[in-house]
Amino acid sequence: MTLQEIMAVDEKYYMNTFGKRLPVAFDHGKGMYLYTEDGQDYMDMFAGIAVTALGHCHESFTKAVQEQVGKLLHTSSLYYIKNQALLAKKICDCSVADRVFFCNSGAEANEGAMKLAKIYYYKQGREKYEIITLNNSFHGRTLATVAATGQPKYQKPYKPLVPGIKHVDINDFEGLEAAVTDKTCAIMLEAVQGESGVHICTDEYLLKVRKLCDERDILLIFDEVQTGMGRTGEMFAYQTTPVEPDIFTLAKALGNGVPIGALCAKESVAKGFEPGDHGGTFGGNPLATAAGMAVFEAFEKENILDNVRKMGDYFEDRVKALNSSDILEIRRKGLMIGLQMPQGRAAEVQKKLFEDRVLVGCVGGHTLRILPPLIISKTDIDIFIAKLGEALA
Ligand SMILES: Cc1ncc(COP(=O)(O)O)c(C=O)c1O
């Protein structure tokens with residue numbers, strides 16, 4: 001099928017929620033590169049929106065998934081699943097979580113987090129059900145997570161929204177404090193807001209938020225759907241801050257492309273869920289959890305976190321050396337990178353890069369959003385910076 005034929009079928013039959021996509025369809029991938037059927041290579045600096053942390057067709061990951069596909073895909077959680085148990089243990093071993101529940105996406109993980117916060121207090125016979133999130137956050141597209149997402153453009157058609165959710169500005173502690181009531185059960189935030197263009201919570205703010213949560217008996221939820229699994233240079237972004245959450249959520253890179261989400265919580269909170277309180281058909285099935293285990297193994301064997309830290313610093317140095325007047329600000333944690341540009345310029349640069357067969361993201365025309373696979377090397381960064389320099393020229 002030609003690209004034009006694929007586009008014609010897509011435009012006739014696929015629900016048009018994505019608008020006009022970039023005019024390309026990929027057939028296969030390897031490492032940092034995606035390839036069209038006729039062999040054109042594209043450098044992938046967006047990793048399928050922060051998903052393919054190990055790059056495409058990573059050797060040991062692919063082998064593990066292929067083996068699992070040949071053995072068993074799905075049984076349901078009516079029975080024990082070895083990798084479900086082992087992956088839950090892996091996450092707990094390297095985090096503050098004591099228990100994990102698996103689902104299929106980031107939105108679903110955040111739904112679970114909000115449900116857990118509510119039921120945790122409900123079981124204590126207390127009326128605490130309000131949730132506070134941040135403006136410009138992104139928590140997903142289900143009805144509850146779209147209400148939690150602090151961006152009116154995603155909410156407007158779905159009113160009345162799930163009630164009890166308030167939004168306040170990032171790093172505005174006084175605003176947050178003023179929004180808290182005796183009915184607040186949770187504050188949910190991204191330590192680094194991704195979708196809205198890489199905005200970082202300050203340590204000072206997070207320390208105050210944690211203290212407020214402790215004083216007012218409120219659960220602190222970190223949405224680590226995008227930041228989780230090494231993106232910021234630690235396995236979880238909260239580990240780059242001075243605070244710990246009570247609950248955190250994962251998805252995206254946890255399965256390196258095999259859909260999986262995770263709701264992770266401290267024991268005291270996790271016990272809010274008892275048999276029958278939550279569930280799902282697919283969550284943590286043998287395939288998804290084999291993928292998650294293979295991701296953890298690759299992280300350990302290849303020292304991915306160390307690479308993220310080193311390559312993140314190198315990337316920033318190289319961007320600075322471009323000395324471009326179009327780059328107004330570099331916002332970055334690890335390999336979660338936002339380059340602020342004059343309005344409209346980032347969209348132009350994204351288009352030029354695409355024409356040069358390099359994939360990056362763009363927020364509102366003003367921020368170039370770069371989320372490379374975490375296996376990126378200095379050579380890859382040099383190639384990208386040369387292309388970015390040309391696009392900016
Ligand atoms: C921080 C954050 N939370 C939640 C989501 C929703 O995840 P999903 O698209 O897997 O439902 C996203 C997706 O971009 C995200 O970045």
# chains A, B, ... in the order shown; residues from 1 in each chain; ligands from 1
$ residues_around --residues "A:Ile165" --least-positions-apart "5" --cutoff "10 Å" --atoms "only C-alpha atoms" --output "ChimeraX atom specification"
/A:129-133,144-145,147-150,184,186-187
$ write_last_selection --atoms "C-alpha atoms" --output "PDB file, in the first residue's frame"
ATOM      1  CA  TYR A 129     -13.301  13.312  48.099  1.00  0.00           C
ATOM      2  CA  GLU A 130     -11.967  16.544  46.582  1.00  0.00           C
ATOM      3  CA  ILE A 131      -8.854  16.373  44.434  1.00  0.00           C
ATOM      4  CA  ILE A 132      -6.557  19.251  43.538  1.00  0.00           C
ATOM      5  CA  THR A 133      -4.422  19.179  40.393  1.00  0.00           C
ATOM      6  CA  ALA A 144     -12.217  11.626  35.436  1.00  0.00           C
ATOM      7  CA  THR A 145      -8.706  12.240  34.101  1.00  0.00           C
ATOM      8  CA  ALA A 147     -11.498  16.624  34.607  1.00  0.00           C
ATOM      9  CA  ALA A 148      -8.178  16.307  36.438  1.00  0.00           C
ATOM     10  CA  THR A 149      -6.251  17.640  33.443  1.00  0.00           C
ATOM     11  CA  GLY A 150      -5.850  21.379  34.014  1.00  0.00           C
ATOM     12  CA  THR A 184      -9.516  17.343  50.095  1.00  0.00           C
ATOM     13  CA  ALA A 186      -5.528  14.163  47.251  1.00  0.00           C
ATOM     14  CA  ILE A 187      -3.197  16.526  45.477  1.00  0.00           C
TER      15      ILE A 187
END
$ residues_near_ligand --ligand "ligand 1" --cutoff "8 Å" --atoms "only C-alpha atoms and all ligand atoms" --output "count of residues only"
28
$ residues_around --residues "A:Asp182" --least-positions-apart "3" --cutoff "12 Å" --atoms "only C-alpha atoms" --output "number ranges by chain"
A: 121, 126-131, 177-179, 185-186, 213, 215-218
$ residues_around --residues "stretch 67-71 of chain A" --least-positions-apart "6" --cutoff "8 Å" --atoms "only C-alpha atoms" --output "PyMOL selection string"
chain A and resi 286-287+290
$ write_last_selection --atoms "N, CA and C atoms" --output "PDB file, in the first residue's frame"
ATOM      1  N   PRO A 286       0.178 -11.612  30.994  1.00  0.00           N
ATOM      2  CA  PRO A 286       1.524 -12.176  30.842  1.00  0.00           C
ATOM      3  C   PRO A 286       2.382 -11.423  29.827  1.00  0.00           C
ATOM      4  N   LEU A 287       1.788 -10.958  28.724  1.00  0.00           N
ATOM      5  CA  LEU A 287       2.591 -10.245  27.725  1.00  0.00           C
ATOM      6  C   LEU A 287       3.089  -8.902  28.266  1.00  0.00           C
ATOM      7  N   ALA A 290       5.662  -9.322  30.991  1.00  0.00           N
ATOM      8  CA  ALA A 290       6.956  -9.815  30.466  1.00  0.00           C
ATOM      9  C   ALA A 290       7.703  -8.639  29.856  1.00  0.00           C
TER      10      ALA A 290
END
$ residues_around --residues "A:Lys20" --least-positions-apart "3" --cutoff "9 Å" --atoms "only C-alpha atoms" --output "list in words"
Glu11, Asn16 and Pro23 of chain A
$ write_last_selection --atoms "N, CA and C atoms" --output "compact mmCIF listing (two decimals), in the first residue's frame"
# COMPACT_ATOMS: atom_id res chain seq x y z
N GLU A 11 -8.47 8.19 6.43
CA GLU A 11 -9.36 9.37 6.47
C GLU A 11 -10.82 8.98 6.33
N ASN A 16 -11.66 10.72 13.55
CA ASN A 16 -10.72 11.82 13.35
C ASN A 16 -10.45 12.58 14.65
N PRO A 23 2.57 13.33 7.43
CA PRO A 23 2.40 12.44 6.28
C PRO A 23 3.50 11.39 6.17
$ closest_residue --among "A:Thr379, A:Thr17, A:Asp356, A:Phe299" --to "A:Tyr314" --atoms "only C-alpha atoms"
A:Thr379
$ atom_distance --atom1 "atom CA of A:Asp10" --atom2 "atom CA of A:Ile260"
25.6 Å
$ decode --residues "stretch 58-168 of chain A" --atoms "C-alpha atoms" --output "compact mmCIF listing (two decimals), in the first residue's frame"
# COMPACT_ATOMS: atom_id res chain seq x y z
CA HIS A 58 15.87 -3.49 21.29
CA GLU A 59 17.49 -6.91 21.15
CA SER A 60 16.88 -8.49 24.56
CA PHE A 61 13.50 -6.75 24.96
CA THR A 62 12.29 -8.00 21.57
CA LYS A 63 13.49 -11.52 22.37
CA ALA A 64 11.66 -11.55 25.71
CA VAL A 65 8.42 -10.29 24.16
CA GLN A 66 8.67 -12.72 21.24
CA GLU A 67 9.20 -15.63 23.63
CA GLN A 68 6.20 -14.57 25.70
CA VAL A 69 4.00 -14.23 22.60
CA GLY A 70 4.92 -17.82 21.68
CA LYS A 71 4.08 -19.05 25.18
CA LEU A 72 1.05 -17.24 26.57
CA LEU A 73 -0.63 -13.87 26.02
CA HIS A 74 -3.50 -13.65 28.40
CA THR A 75 -5.22 -15.54 31.15
CA SER A 76 -6.99 -12.78 33.18
CA SER A 77 -6.12 -11.97 36.75
CA LEU A 78 -8.41 -14.72 38.03
CA TYR A 79 -5.23 -16.79 38.19
CA TYR A 80 -1.72 -16.05 39.43
CA ILE A 81 0.64 -14.58 36.82
CA LYS A 82 4.34 -15.01 37.54
CA ASN A 83 5.56 -11.85 35.81
CA GLN A 84 2.71 -9.80 37.26
CA ALA A 85 3.93 -10.66 40.74
CA LEU A 86 7.60 -10.22 39.82
CA LEU A 87 7.09 -6.88 38.06
CA ALA A 88 5.10 -5.55 41.03
CA LYS A 89 8.02 -6.62 43.26
CA LYS A 90 10.56 -4.94 40.93
CA ILE A 91 8.70 -1.62 41.13
CA CYS A 92 8.39 -1.85 44.91
CA ASP A 93 12.06 -2.80 45.32
CA CYS A 94 13.20 0.44 43.67
CA SER A 95 10.57 2.85 44.98
CA VAL A 96 8.50 3.92 47.98
CA ALA A 97 5.63 1.72 46.81
CA ASP A 98 4.69 -1.42 48.72
CA ARG A 99 1.97 -2.56 46.34
CA VAL A 100 1.22 -2.24 42.62
CA PHE A 101 -1.86 -2.70 40.47
CA PHE A 102 -1.48 -3.03 36.70
CA CYS A 103 -3.74 -1.58 34.02
CA ASN A 104 -3.34 -0.64 30.39
CA SER A 105 -2.66 3.07 30.06
CA GLY A 106 -1.68 6.23 31.87
CA ALA A 107 -5.22 7.50 32.08
CA GLU A 108 -6.36 4.24 33.60
CA ALA A 109 -3.52 4.33 36.14
CA ASN A 110 -4.54 7.87 37.15
CA GLU A 111 -8.21 6.86 37.36
CA GLY A 112 -7.08 4.12 39.72
CA ALA A 113 -5.04 6.60 41.76
CA MET A 114 -8.01 8.93 42.17
CA LYS A 115 -10.29 6.02 43.07
CA LEU A 116 -7.76 4.77 45.61
CA ALA A 117 -7.50 8.20 47.24
CA LYS A 118 -11.27 8.40 47.57
CA ILE A 119 -11.81 4.89 48.83
CA TYR A 120 -8.93 5.22 51.31
CA TYR A 121 -10.89 7.89 53.20
CA TYR A 122 -14.31 6.37 52.47
CA LYS A 123 -13.23 3.20 54.27
CA GLN A 124 -12.33 5.34 57.27
CA GLY A 125 -15.85 6.78 57.22
CA ARG A 126 -14.55 10.22 56.34
CA GLU A 127 -15.97 12.68 53.84
CA LYS A 128 -12.85 13.46 51.85
CA TYR A 129 -13.30 13.31 48.10
CA GLU A 130 -11.97 16.54 46.58
CA ILE A 131 -8.85 16.37 44.43
CA ILE A 132 -6.56 19.25 43.54
CA THR A 133 -4.42 19.18 40.39
CA LEU A 134 -2.36 21.79 38.56
CA ASN A 135 -3.17 24.09 35.67
CA ASN A 136 -1.53 22.94 32.42
CA SER A 137 -1.28 19.41 33.74
CA PHE A 138 -2.14 16.39 31.63
CA HIS A 139 -3.54 13.29 33.28
CA GLY A 140 -5.42 11.53 30.48
CA ARG A 141 -8.57 11.43 28.38
CA THR A 142 -11.08 9.43 30.40
CA LEU A 143 -13.89 11.40 32.03
CA ALA A 144 -12.22 11.63 35.44
CA THR A 145 -8.71 12.24 34.10
CA VAL A 146 -9.91 14.86 31.63
CA ALA A 147 -11.50 16.62 34.61
CA ALA A 148 -8.18 16.31 36.44
CA THR A 149 -6.25 17.64 33.44
CA GLY A 150 -5.85 21.38 34.01
CA GLN A 151 -6.47 22.44 30.43
CA PRO A 152 -9.95 23.74 29.52
CA LYS A 153 -9.46 22.92 25.81
CA TYR A 154 -9.68 19.20 26.61
CA GLN A 155 -12.64 19.59 28.97
CA LYS A 156 -15.12 21.88 27.26
CA PRO A 157 -17.24 19.35 25.34
CA TYR A 158 -17.47 16.94 28.25
CA LYS A 159 -19.21 19.13 30.79
CA PRO A 160 -20.56 18.58 33.34
CA LEU A 161 -17.18 17.26 34.38
CA VAL A 162 -16.58 14.74 37.15
CA PRO A 163 -17.09 17.00 40.19
CA GLY A 164 -14.77 17.74 43.09
CA ILE A 165 -11.62 18.56 41.13
CA LYS A 166 -9.92 21.95 41.45
CA HIS A 167 -6.92 23.35 39.59
CA VAL A 168 -4.22 25.69 40.83
